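> So that we are looking at the same thing, I have put the structure below in C-alpha coordinates.
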Amino acid sequence: MADPIKALATQLANIETRTGKSLAQLVKLARASGLEKHGELRDRLKQDLGIGYGDANTLAHHVLDSGGPGSASPAAPSIDESVASYYSGPKAALRPIHEKLMAAIGKFGTFKIAPKKSYVSLRRKKQFAMIGPATNTAVEVGLNTTALSAGGRLVAFPPGGMCNFKVRLAGPAEVDAELLGWIRKAFDGAG
(Lines give C-alpha, C1' and ligand atoms only; values in the text may rest on other atoms or scores of the structure.)
Protein backbone atom coordinates (compact mmCIF):
# COMPACT_ATOMS: atom_id res chain seq x y z
CA MET A 1 0.00 0.00 0.00
CA ALA A 2 1.18 3.49 -0.73
CA ASP A 3 -0.08 4.96 2.55
CA PRO A 4 1.84 3.56 5.54
CA ILE A 5 -0.85 4.60 8.01
CA LYS A 6 -3.50 2.70 6.03
CA ALA A 7 -1.14 -0.27 5.72
CA LEU A 8 -0.72 -0.38 9.50
CA ALA A 9 -4.48 -0.15 10.03
CA THR A 10 -5.03 -2.99 7.55
CA GLN A 11 -2.42 -5.19 9.25
CA LEU A 12 -3.94 -4.54 12.70
CA ALA A 13 -7.42 -5.39 11.32
CA ASN A 14 -6.02 -8.62 9.84
CA ILE A 15 -4.50 -9.51 13.23
CA GLU A 16 -7.93 -9.01 14.81
CA THR A 17 -9.47 -11.35 12.22
CA ARG A 18 -6.78 -14.03 12.62
CA THR A 19 -6.94 -14.01 16.42
CA GLY A 20 -10.68 -13.44 16.83
CA LYS A 21 -9.91 -10.66 19.33
CA SER A 22 -10.46 -6.92 19.11
CA LEU A 23 -7.46 -4.62 19.12
CA ALA A 24 -8.44 -3.44 22.61
CA GLN A 25 -8.45 -7.08 23.83
CA LEU A 26 -5.07 -7.72 22.19
CA VAL A 27 -3.54 -4.62 23.79
CA LYS A 28 -4.98 -5.60 27.18
CA LEU A 29 -3.54 -9.13 26.83
CA ALA A 30 -0.11 -7.75 25.86
CA ARG A 31 -0.05 -5.25 28.73
CA ALA A 32 -1.14 -7.95 31.20
CA SER A 33 2.05 -9.85 30.33
CA GLY A 34 4.04 -7.11 32.08
CA LEU A 35 6.75 -7.40 29.40
CA GLU A 36 8.37 -4.13 28.41
CA LYS A 37 11.12 -5.24 26.01
CA HIS A 38 10.01 -5.38 22.40
CA GLY A 39 11.60 -8.74 21.55
CA GLU A 40 10.23 -10.44 24.66
CA LEU A 41 6.72 -9.11 24.04
CA ARG A 42 6.85 -10.07 20.35
CA ASP A 43 7.91 -13.63 21.19
CA ARG A 44 5.19 -13.91 23.86
CA LEU A 45 2.53 -12.72 21.42
CA LYS A 46 3.70 -15.26 18.84
CA GLN A 47 3.45 -18.02 21.43
CA ASP A 48 0.19 -16.99 23.12
CA LEU A 49 -1.74 -16.00 20.00
CA GLY A 50 -0.22 -18.37 17.43
CA ILE A 51 0.52 -15.50 15.05
CA GLY A 52 3.54 -15.03 12.82
CA TYR A 53 6.61 -12.90 13.42
CA GLY A 54 5.39 -9.94 11.32
CA ASP A 55 2.00 -9.73 13.04
CA ALA A 56 3.53 -10.16 16.51
CA ASN A 57 6.17 -7.54 15.70
CA THR A 58 3.57 -5.02 14.53
CA LEU A 59 1.35 -5.69 17.54
CA ALA A 60 4.30 -5.32 19.93
CA HIS A 61 5.22 -1.98 18.33
CA HIS A 62 1.60 -0.84 18.59
CA VAL A 63 1.41 -1.75 22.28
CA LEU A 64 4.78 -0.29 23.24
CA ASP A 65 4.29 2.88 21.16
CA SER A 66 1.00 3.51 22.95
CA GLY A 67 2.35 3.55 26.48
CA GLY A 68 3.71 0.05 26.99
CA PRO A 69 2.58 -2.86 29.14
CA GLY A 70 1.14 -1.85 32.47
CA SER A 71 1.83 1.78 31.73
CA ALA A 72 -0.31 4.32 33.51
CA SER A 73 0.98 7.02 31.19
CA PRO A 74 -1.25 8.35 28.44
CA ALA A 75 -0.85 7.05 24.93
CA ALA A 76 2.12 8.35 23.00
CA PRO A 77 1.36 11.15 20.56
CA SER A 78 0.12 10.01 17.17
CA ILE A 79 2.36 10.23 14.12
CA ASP A 80 0.45 13.30 12.94
CA GLU A 81 0.78 14.99 16.34
CA SER A 82 4.50 14.26 16.46
CA VAL A 83 5.11 15.55 12.94
CA ALA A 84 3.08 18.68 13.68
CA SER A 85 5.27 19.33 16.73
CA TYR A 86 8.50 18.93 14.71
CA TYR A 87 7.35 21.46 12.13
CA SER A 88 5.89 24.16 14.35
CA GLY A 89 7.00 27.73 14.90
CA PRO A 90 10.01 28.74 12.81
CA LYS A 91 10.23 25.23 11.30
CA ALA A 92 6.66 25.29 9.93
CA ALA A 93 7.88 26.18 6.43
CA LEU A 94 9.76 22.85 6.29
CA ARG A 95 6.61 20.69 6.53
CA PRO A 96 6.07 20.53 2.72
CA ILE A 97 9.51 18.89 2.38
CA HIS A 98 8.53 16.24 4.91
CA GLU A 99 5.16 15.66 3.23
CA LYS A 100 6.72 15.30 -0.22
CA LEU A 101 9.30 12.83 1.12
CA MET A 102 6.67 10.70 2.87
CA ALA A 103 4.39 10.64 -0.17
CA ALA A 104 7.24 9.45 -2.39
CA ILE A 105 8.55 6.87 0.11
CA GLY A 106 5.00 5.58 0.65
CA LYS A 107 5.03 4.35 -2.96
CA PHE A 108 7.93 1.96 -2.20
CA GLY A 109 5.81 -0.42 -0.14
CA THR A 110 4.86 -1.14 3.46
CA PHE A 111 6.95 0.15 6.33
CA LYS A 112 6.50 1.34 9.91
CA ILE A 113 6.71 4.95 11.03
CA ALA A 114 8.02 5.37 14.57
CA PRO A 115 7.88 8.94 15.86
CA LYS A 116 10.80 9.95 18.05
CA LYS A 117 11.43 13.18 19.97
CA SER A 118 12.46 15.25 16.94
CA TYR A 119 12.20 12.97 13.88
CA VAL A 120 10.40 9.95 12.46
CA SER A 121 12.17 6.63 12.11
CA LEU A 122 11.16 4.62 9.05
CA ARG A 123 11.52 0.85 9.48
CA ARG A 124 11.05 -2.42 7.70
CA LYS A 125 12.90 -5.28 9.40
CA LYS A 126 15.32 -2.56 10.49
CA GLN A 127 15.46 1.21 10.26
CA PHE A 128 16.21 2.46 6.78
CA ALA A 129 15.72 6.21 7.19
CA MET A 130 15.18 9.06 9.65
CA ILE A 131 13.45 12.31 8.68
CA GLY A 132 13.21 15.48 10.73
CA PRO A 133 14.14 19.13 10.86
CA ALA A 134 17.87 19.63 11.37
CA THR A 135 17.66 23.41 11.68
CA ASN A 136 15.02 26.09 11.14
CA THR A 137 15.92 26.05 7.43
CA ALA A 138 16.66 22.41 6.57
CA VAL A 139 15.19 18.92 6.87
CA GLU A 140 17.68 16.11 7.36
CA VAL A 141 17.24 12.64 5.90
CA GLY A 142 19.41 9.99 7.55
CA LEU A 143 19.99 6.82 5.54
CA ASN A 144 20.92 3.45 7.00
CA THR A 145 22.66 1.61 4.16
CA THR A 146 26.12 0.54 3.13
CA ALA A 147 25.11 0.42 -0.55
CA LEU A 148 26.06 4.06 -1.18
CA SER A 149 29.19 6.17 -1.31
CA ALA A 150 29.45 9.68 0.09
CA GLY A 151 29.79 12.56 -2.30
CA GLY A 152 28.09 15.81 -3.20
CA ARG A 153 25.10 16.34 -0.94
CA LEU A 154 25.28 12.76 0.40
CA VAL A 155 27.41 13.14 3.53
CA ALA A 156 28.82 10.18 5.50
CA PHE A 157 28.17 9.93 9.23
CA PRO A 158 30.96 8.63 11.47
CA PRO A 159 30.84 4.83 11.89
CA GLY A 160 28.70 3.37 14.67
CA GLY A 161 25.78 5.79 14.39
CA MET A 162 22.09 5.20 13.71
CA CYS A 163 22.60 6.00 10.02
CA ASN A 164 25.49 5.86 7.58
CA PHE A 165 24.63 8.95 5.53
CA LYS A 166 22.68 12.19 5.69
CA VAL A 167 21.24 14.63 3.20
CA ARG A 168 19.99 18.12 4.08
CA LEU A 169 17.07 19.58 2.14
CA ALA A 170 16.13 23.26 2.04
CA GLY A 171 13.07 22.94 -0.20
CA PRO A 172 10.63 20.43 -1.73
CA ALA A 173 12.37 20.66 -5.12
CA GLU A 174 15.37 18.88 -3.56
CA VAL A 175 13.22 15.74 -3.16
CA ASP A 176 14.41 14.52 -6.55
CA ALA A 177 15.11 11.25 -8.36
CA GLU A 178 18.67 11.08 -7.02
CA LEU A 179 17.56 11.36 -3.38
CA LEU A 180 14.66 8.94 -3.86
CA GLY A 181 17.08 6.47 -5.46
CA TRP A 182 19.27 6.61 -2.35
CA ILE A 183 16.27 6.17 -0.07
CA ARG A 184 15.05 3.25 -2.21
CA LYS A 185 18.42 1.48 -1.79
CA ALA A 186 18.14 1.88 1.98
CA PHE A 187 14.49 0.72 1.88
CA ASP A 188 15.34 -2.39 -0.17
CA GLY A 189 18.28 -3.23 2.09
CA ALA A 190 16.12 -3.03 5.22
CA GLY A 191 14.07 -6.02 4.55
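Following the order of the C-alpha coordinates, chains are lettered A, B, ..., residues in each are numbered from 1, and ligands are numbered from 1.
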Check which residues of stretch 111-165 of chain A sit at most 10 Å from stretch 5-24 of chain A using only C-alpha atoms, and return one row each with the closest pair of atoms and their distance in Å to one decimal, ordered by chain and rising number, as CSV.

```
residue,atom,partner,partner_atom,distance
A:Phe111,CA,A:Ala7,CA,8.1
A:Lys112,CA,A:Leu8,CA,7.4
A:Ile113,CA,A:Ile5,CA,8.1
```
> Quick one: everything within 9 Å of stretch 119-135 of chain A, counting only C-alpha atoms, minus sequence neighbours fewer than 2 positions away in the same chain. Send it as a ChimeraX atom specification.
/A:79,82-83,86-87,91,94-95,98,101,110-117,137-145,162-163,168,183,185-191
> What is the atom CA of A:Asn164-atom CA of A:Gly151 distance in Å, reported with one decimal?
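Distance reported for this atom pair: 12.7 Å.
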> Using DSSP assignments from the backbone, pull out every residue in chain A that falls under helix (DSSP H, G or I) and give it to me as a CSV table (one decimal) with N, CA, C and O atoms, in the first residue's frame.

```csv
chain,number,residue,atom,x,y,z
A,4,PRO,N,1.4,4.4,4.4
A,4,PRO,CA,1.8,3.6,5.5
A,4,PRO,C,0.9,3.5,6.7
A,4,PRO,O,0.8,2.5,7.4
A,5,ILE,N,0.1,4.6,6.9
A,5,ILE,CA,-0.9,4.6,8.0
A,5,ILE,C,-2.0,3.6,7.7
A,5,ILE,O,-2.4,2.9,8.6
A,6,LYS,N,-2.5,3.6,6.4
A,6,LYS,CA,-3.5,2.7,6.0
A,6,LYS,C,-3.0,1.3,6.1
A,6,LYS,O,-3.7,0.3,6.4
A,7,ALA,N,-1.7,1.1,5.7
A,7,ALA,CA,-1.1,-0.3,5.7
A,7,ALA,C,-1.1,-0.8,7.1
A,7,ALA,O,-1.4,-2.0,7.4
A,8,LEU,N,-0.7,0.0,8.1
A,8,LEU,CA,-0.7,-0.4,9.5
A,8,LEU,C,-2.1,-0.7,10.0
A,8,LEU,O,-2.3,-1.7,10.6
A,9,ALA,N,-3.1,0.1,9.6
A,9,ALA,CA,-4.5,-0.1,10.0
A,9,ALA,C,-5.0,-1.5,9.4
A,9,ALA,O,-5.7,-2.2,10.1
A,10,THR,N,-4.6,-1.7,8.2
A,10,THR,CA,-5.0,-3.0,7.6
A,10,THR,C,-4.4,-4.2,8.2
A,10,THR,O,-5.1,-5.2,8.5
A,11,GLN,N,-3.1,-4.1,8.6
A,11,GLN,CA,-2.4,-5.2,9.2
A,11,GLN,C,-3.0,-5.4,10.6
A,11,GLN,O,-3.3,-6.6,11.0
A,12,LEU,N,-3.3,-4.4,11.4
A,12,LEU,CA,-3.9,-4.5,12.7
A,12,LEU,C,-5.3,-5.2,12.6
A,12,LEU,O,-5.7,-6.0,13.4
A,13,ALA,N,-6.1,-4.8,11.5
A,13,ALA,CA,-7.4,-5.4,11.3
A,13,ALA,C,-7.3,-6.9,11.0
A,13,ALA,O,-8.1,-7.7,11.4
A,14,ASN,N,-6.3,-7.2,10.2
A,14,ASN,CA,-6.0,-8.6,9.8
A,14,ASN,C,-5.6,-9.4,11.1
A,14,ASN,O,-6.0,-10.6,11.2
A,15,ILE,N,-4.9,-8.8,12.0
A,15,ILE,CA,-4.5,-9.5,13.2
A,15,ILE,C,-5.8,-9.8,14.1
A,15,ILE,O,-5.9,-10.9,14.6
A,16,GLU,N,-6.7,-8.8,14.1
A,16,GLU,CA,-7.9,-9.0,14.8
A,16,GLU,C,-8.7,-10.2,14.2
A,16,GLU,O,-9.2,-11.1,15.0
A,17,THR,N,-8.8,-10.3,12.9
A,17,THR,CA,-9.5,-11.3,12.2
A,17,THR,C,-8.8,-12.7,12.5
A,17,THR,O,-9.5,-13.7,12.8
A,18,ARG,N,-7.5,-12.8,12.4
A,18,ARG,CA,-6.8,-14.0,12.6
A,18,ARG,C,-6.9,-14.5,14.1
A,18,ARG,O,-6.9,-15.7,14.3
A,19,THR,N,-6.9,-13.6,15.0
A,19,THR,CA,-6.9,-14.0,16.4
A,19,THR,C,-8.4,-14.1,17.0
A,19,THR,O,-8.6,-14.7,18.0
A,23,LEU,N,-8.8,-5.2,18.8
A,23,LEU,CA,-7.5,-4.6,19.1
A,23,LEU,C,-7.4,-4.3,20.6
A,23,LEU,O,-6.3,-4.4,21.2
A,24,ALA,N,-8.4,-3.8,21.2
A,24,ALA,CA,-8.4,-3.4,22.6
A,24,ALA,C,-8.1,-4.7,23.5
A,24,ALA,O,-7.4,-4.6,24.4
A,25,GLN,N,-8.7,-5.8,23.1
A,25,GLN,CA,-8.4,-7.1,23.8
A,25,GLN,C,-7.0,-7.5,23.7
A,25,GLN,O,-6.4,-8.0,24.6
A,26,LEU,N,-6.5,-7.3,22.4
A,26,LEU,CA,-5.1,-7.7,22.2
A,26,LEU,C,-4.1,-6.8,23.0
A,26,LEU,O,-3.1,-7.3,23.6
A,27,VAL,N,-4.4,-5.5,23.0
A,27,VAL,CA,-3.5,-4.6,23.8
A,27,VAL,C,-3.6,-5.0,25.3
A,27,VAL,O,-2.6,-5.0,26.0
A,28,LYS,N,-4.8,-5.2,25.8
A,28,LYS,CA,-5.0,-5.6,27.2
A,28,LYS,C,-4.2,-6.9,27.5
A,28,LYS,O,-3.5,-6.9,28.5
A,29,LEU,N,-4.3,-7.9,26.6
A,29,LEU,CA,-3.5,-9.1,26.8
A,29,LEU,C,-2.0,-8.9,26.9
A,29,LEU,O,-1.3,-9.4,27.7
A,30,ALA,N,-1.6,-8.0,25.9
A,30,ALA,CA,-0.1,-7.8,25.9
A,30,ALA,C,0.3,-7.0,27.1
A,30,ALA,O,1.4,-7.3,27.7
A,31,ARG,N,-0.4,-6.0,27.5
A,31,ARG,CA,-0.1,-5.3,28.7
A,31,ARG,C,-0.1,-6.1,30.0
A,31,ARG,O,0.7,-5.9,30.9
A,32,ALA,N,-1.0,-7.1,30.0
A,32,ALA,CA,-1.1,-7.9,31.2
A,32,ALA,C,0.1,-8.8,31.4
A,32,ALA,O,0.4,-9.3,32.4
A,38,HIS,N,10.7,-5.1,23.7
A,38,HIS,CA,10.0,-5.4,22.4
A,38,HIS,C,10.1,-6.9,22.0
A,38,HIS,O,9.2,-7.5,21.7
A,39,GLY,N,11.4,-7.4,22.0
A,39,GLY,CA,11.6,-8.7,21.6
A,39,GLY,C,10.9,-9.8,22.4
A,39,GLY,O,10.3,-10.7,21.9
A,40,GLU,N,10.9,-9.5,23.7
A,40,GLU,CA,10.2,-10.4,24.7
A,40,GLU,C,8.7,-10.4,24.4
A,40,GLU,O,8.1,-11.5,24.4
A,41,LEU,N,8.2,-9.2,24.3
A,41,LEU,CA,6.7,-9.1,24.0
A,41,LEU,C,6.3,-9.8,22.7
A,41,LEU,O,5.4,-10.5,22.6
A,42,ARG,N,7.1,-9.5,21.7
A,42,ARG,CA,6.8,-10.1,20.3
A,42,ARG,C,6.8,-11.6,20.4
A,42,ARG,O,5.9,-12.2,20.0
A,43,ASP,N,7.8,-12.2,21.1
A,43,ASP,CA,7.9,-13.6,21.2
A,43,ASP,C,6.7,-14.2,22.0
A,43,ASP,O,6.2,-15.2,21.7
A,44,ARG,N,6.3,-13.5,23.0
A,44,ARG,CA,5.2,-13.9,23.9
A,44,ARG,C,3.9,-13.9,23.1
A,44,ARG,O,3.1,-14.8,23.1
A,45,LEU,N,3.7,-12.8,22.3
A,45,LEU,CA,2.5,-12.7,21.4
A,45,LEU,C,2.5,-13.8,20.4
A,45,LEU,O,1.4,-14.4,20.1
A,46,LYS,N,3.6,-14.1,19.8
A,46,LYS,CA,3.7,-15.3,18.8
A,46,LYS,C,3.2,-16.6,19.5
A,46,LYS,O,2.4,-17.3,19.0
A,47,GLN,N,3.8,-16.8,20.7
A,47,GLN,CA,3.4,-18.0,21.4
A,47,GLN,C,2.0,-18.1,21.9
A,47,GLN,O,1.3,-19.0,21.6
A,48,ASP,N,1.5,-17.0,22.5
A,48,ASP,CA,0.2,-17.0,23.1
A,48,ASP,C,-0.9,-16.9,22.1
A,48,ASP,O,-2.0,-17.5,22.3
A,49,LEU,N,-0.7,-16.2,21.0
A,49,LEU,CA,-1.7,-16.0,20.0
A,49,LEU,C,-1.6,-16.9,18.8
A,49,LEU,O,-2.5,-16.9,17.9
A,53,TYR,N,5.6,-13.9,13.0
A,53,TYR,CA,6.6,-12.9,13.4
A,53,TYR,C,6.1,-11.5,13.0
A,53,TYR,O,6.2,-10.6,13.9
A,54,GLY,N,5.8,-11.3,11.8
A,54,GLY,CA,5.4,-9.9,11.3
A,54,GLY,C,4.2,-9.4,12.1
A,54,GLY,O,4.2,-8.2,12.5
A,55,ASP,N,3.2,-10.2,12.3
A,55,ASP,CA,2.0,-9.7,13.0
A,55,ASP,C,2.4,-9.4,14.5
A,55,ASP,O,2.0,-8.4,15.1
A,56,ALA,N,3.1,-10.4,15.1
A,56,ALA,CA,3.5,-10.2,16.5
A,56,ALA,C,4.4,-8.9,16.6
A,56,ALA,O,4.3,-8.2,17.6
A,57,ASN,N,5.3,-8.7,15.7
A,57,ASN,CA,6.2,-7.5,15.7
A,57,ASN,C,5.4,-6.2,15.6
A,57,ASN,O,5.6,-5.3,16.4
A,58,THR,N,4.4,-6.2,14.7
A,58,THR,CA,3.6,-5.0,14.5
A,58,THR,C,2.7,-4.8,15.8
A,58,THR,O,2.6,-3.6,16.3
A,59,LEU,N,2.2,-5.8,16.3
A,59,LEU,CA,1.3,-5.7,17.5
A,59,LEU,C,2.2,-5.2,18.7
A,59,LEU,O,1.8,-4.3,19.5
A,60,ALA,N,3.4,-5.7,18.9
A,60,ALA,CA,4.3,-5.3,19.9
A,60,ALA,C,4.6,-3.8,19.8
A,60,ALA,O,4.6,-3.1,20.8
A,61,HIS,N,5.0,-3.4,18.6
A,61,HIS,CA,5.2,-2.0,18.3
A,61,HIS,C,4.0,-1.1,18.7
A,61,HIS,O,4.1,-0.1,19.4
A,62,HIS,N,2.8,-1.6,18.3
A,62,HIS,CA,1.6,-0.8,18.6
A,62,HIS,C,1.4,-0.7,20.1
A,62,HIS,O,1.1,0.4,20.6
A,63,VAL,N,1.6,-1.8,20.8
A,63,VAL,CA,1.4,-1.8,22.3
A,63,VAL,C,2.5,-0.9,22.9
A,63,VAL,O,2.1,0.0,23.8
A,64,LEU,N,3.7,-1.0,22.6
A,64,LEU,CA,4.8,-0.3,23.2
A,64,LEU,C,4.8,1.2,22.8
A,64,LEU,O,5.1,2.0,23.6
A,65,ASP,N,4.4,1.5,21.6
A,65,ASP,CA,4.3,2.9,21.2
A,65,ASP,C,3.1,3.6,21.8
A,65,ASP,O,3.0,4.8,21.7
A,79,ILE,N,1.4,9.8,15.1
A,79,ILE,CA,2.4,10.2,14.1
A,79,ILE,C,2.1,11.7,13.7
A,79,ILE,O,3.0,12.5,13.6
A,80,ASP,N,0.8,11.9,13.4
A,80,ASP,CA,0.5,13.3,12.9
A,80,ASP,C,0.8,14.4,14.0
A,80,ASP,O,1.3,15.4,13.7
A,81,GLU,N,0.5,14.0,15.3
A,81,GLU,CA,0.8,15.0,16.3
A,81,GLU,C,2.3,15.2,16.5
A,81,GLU,O,2.7,16.3,16.7
A,82,SER,N,3.0,14.1,16.4
A,82,SER,CA,4.5,14.3,16.5
A,82,SER,C,5.1,15.1,15.3
A,82,SER,O,5.9,16.0,15.5
A,83,VAL,N,4.6,14.8,14.1
A,83,VAL,CA,5.1,15.5,12.9
A,83,VAL,C,4.7,17.0,13.1
A,83,VAL,O,5.5,17.9,12.8
A,84,ALA,N,3.5,17.3,13.5
A,84,ALA,CA,3.1,18.7,13.7
A,84,ALA,C,4.0,19.4,14.7
A,84,ALA,O,4.3,20.6,14.5
A,85,SER,N,4.4,18.7,15.7
A,85,SER,CA,5.3,19.3,16.7
A,85,SER,C,6.7,19.6,16.2
A,85,SER,O,7.3,20.6,16.5
A,86,TYR,N,7.2,18.7,15.3
A,86,TYR,CA,8.5,18.9,14.7
A,86,TYR,C,8.5,20.2,13.9
A,86,TYR,O,9.5,20.9,13.8
A,89,GLY,N,6.2,26.5,14.7
A,89,GLY,CA,7.0,27.7,14.9
A,89,GLY,C,7.9,28.0,13.7
A,89,GLY,O,7.4,28.0,12.6
A,90,PRO,N,9.1,28.3,13.9
A,90,PRO,CA,10.0,28.7,12.8
A,90,PRO,C,10.3,27.6,11.8
A,90,PRO,O,10.8,27.9,10.7
A,91,LYS,N,10.0,26.4,12.2
A,91,LYS,CA,10.2,25.2,11.3
A,91,LYS,C,9.0,24.9,10.5
A,91,LYS,O,9.0,23.9,9.7
A,92,ALA,N,7.9,25.6,10.6
A,92,ALA,CA,6.7,25.3,9.9
A,92,ALA,C,6.8,25.3,8.4
A,92,ALA,O,6.2,24.5,7.7
A,93,ALA,N,7.7,26.1,7.9
A,93,ALA,CA,7.9,26.2,6.4
A,93,ALA,C,8.5,24.9,5.9
A,93,ALA,O,8.5,24.7,4.7
A,94,LEU,N,9.1,24.1,6.7
A,94,LEU,CA,9.8,22.8,6.3
A,94,LEU,C,8.8,21.7,6.1
A,94,LEU,O,9.1,20.7,5.5
A,95,ARG,N,7.6,21.8,6.6
A,95,ARG,CA,6.6,20.7,6.5
A,95,ARG,C,6.4,20.2,5.1
A,95,ARG,O,6.3,19.0,4.9
A,96,PRO,N,6.3,21.1,4.1
A,96,PRO,CA,6.1,20.5,2.7
A,96,PRO,C,7.2,19.6,2.3
A,96,PRO,O,6.9,18.7,1.5
A,97,ILE,N,8.4,19.8,2.7
A,97,ILE,CA,9.5,18.9,2.4
A,97,ILE,C,9.2,17.5,3.0
A,97,ILE,O,9.3,16.5,2.3
A,98,HIS,N,8.8,17.5,4.2
A,98,HIS,CA,8.5,16.2,4.9
A,98,HIS,C,7.4,15.5,4.2
A,98,HIS,O,7.5,14.3,3.9
A,99,GLU,N,6.3,16.3,3.9
A,99,GLU,CA,5.2,15.7,3.2
A,99,GLU,C,5.5,15.1,1.9
A,99,GLU,O,5.1,14.0,1.5
A,100,LYS,N,6.3,15.8,1.1
A,100,LYS,CA,6.7,15.3,-0.2
A,100,LYS,C,7.6,14.0,-0.1
A,100,LYS,O,7.4,13.1,-0.8
A,101,LEU,N,8.5,14.0,0.9
A,101,LEU,CA,9.3,12.8,1.1
A,101,LEU,C,8.4,11.6,1.5
A,101,LEU,O,8.6,10.5,0.9
A,102,MET,N,7.5,11.8,2.4
A,102,MET,CA,6.7,10.7,2.9
A,102,MET,C,5.8,10.2,1.8
A,102,MET,O,5.6,9.0,1.6
A,103,ALA,N,5.2,11.1,0.9
A,103,ALA,CA,4.4,10.6,-0.2
A,103,ALA,C,5.2,9.8,-1.2
A,103,ALA,O,4.7,8.7,-1.6
A,104,ALA,N,6.4,10.2,-1.4
A,104,ALA,CA,7.2,9.5,-2.4
A,104,ALA,C,7.7,8.1,-1.8
A,104,ALA,O,7.6,7.1,-2.5
A,105,ILE,N,8.1,8.1,-0.5
A,105,ILE,CA,8.5,6.9,0.1
A,105,ILE,C,7.4,5.9,0.3
A,105,ILE,O,7.5,4.7,0.2
A,106,GLY,N,6.2,6.4,0.5
A,106,GLY,CA,5.0,5.6,0.7
A,106,GLY,C,4.7,4.7,-0.6
A,106,GLY,O,4.1,3.7,-0.5
A,172,PRO,N,11.2,21.6,-1.1
A,172,PRO,CA,10.6,20.4,-1.7
A,172,PRO,C,11.3,20.0,-3.1
A,172,PRO,O,11.3,18.8,-3.4
A,173,ALA,N,11.8,21.0,-3.8
A,173,ALA,CA,12.4,20.7,-5.1
A,173,ALA,C,13.6,19.8,-5.0
A,173,ALA,O,14.0,19.1,-5.9
A,174,GLU,N,14.2,19.7,-3.8
A,174,GLU,CA,15.4,18.9,-3.6
A,174,GLU,C,15.0,17.4,-3.3
A,174,GLU,O,15.9,16.6,-3.2
A,177,ALA,N,14.9,12.7,-8.0
A,177,ALA,CA,15.1,11.2,-8.4
A,177,ALA,C,16.4,10.7,-7.7
A,177,ALA,O,16.4,9.6,-7.3
A,178,GLU,N,17.4,11.5,-7.6
A,178,GLU,CA,18.7,11.1,-7.0
A,178,GLU,C,18.4,10.7,-5.6
A,178,GLU,O,18.8,9.6,-5.1
A,179,LEU,N,17.8,11.6,-4.8
A,179,LEU,CA,17.6,11.4,-3.4
A,179,LEU,C,16.7,10.2,-3.2
A,179,LEU,O,16.9,9.3,-2.4
A,180,LEU,N,15.6,10.1,-4.0
A,180,LEU,CA,14.7,8.9,-3.9
A,180,LEU,C,15.3,7.6,-4.2
A,180,LEU,O,15.0,6.6,-3.7
A,181,GLY,N,16.3,7.7,-5.1
A,181,GLY,CA,17.1,6.5,-5.5
A,181,GLY,C,17.9,6.0,-4.3
A,181,GLY,O,18.0,4.8,-4.0
A,182,TRP,N,18.5,6.9,-3.6
A,182,TRP,CA,19.3,6.6,-2.4
A,182,TRP,C,18.4,6.0,-1.3
A,182,TRP,O,18.7,5.0,-0.6
A,183,ILE,N,17.2,6.7,-1.1
A,183,ILE,CA,16.3,6.2,-0.1
A,183,ILE,C,15.8,4.8,-0.5
A,183,ILE,O,15.7,3.9,0.4
A,184,ARG,N,15.5,4.6,-1.7
A,184,ARG,CA,15.1,3.3,-2.2
A,184,ARG,C,16.1,2.2,-1.9
A,184,ARG,O,15.7,1.0,-1.5
A,185,LYS,N,17.4,2.5,-2.1
A,185,LYS,CA,18.4,1.5,-1.8
A,185,LYS,C,18.4,1.1,-0.3
A,185,LYS,O,18.5,0.0,0.1
A,186,ALA,N,18.2,2.1,0.5
A,186,ALA,CA,18.1,1.9,2.0
A,186,ALA,C,16.9,1.1,2.3
A,186,ALA,O,16.9,0.1,3.1
A,187,PHE,N,15.8,1.4,1.7
A,187,PHE,CA,14.5,0.7,1.9
A,187,PHE,C,14.6,-0.8,1.5
A,187,PHE,O,14.3,-1.7,2.3
A,188,ASP,N,15.2,-1.0,0.3
A,188,ASP,CA,15.3,-2.4,-0.2
A,188,ASP,C,16.3,-3.2,0.7
A,188,ASP,O,16.1,-4.4,1.0
A,189,GLY,N,17.3,-2.5,1.2
A,189,GLY,CA,18.3,-3.2,2.1
A,189,GLY,C,17.8,-3.5,3.5
A,189,GLY,O,18.4,-4.2,4.3
```
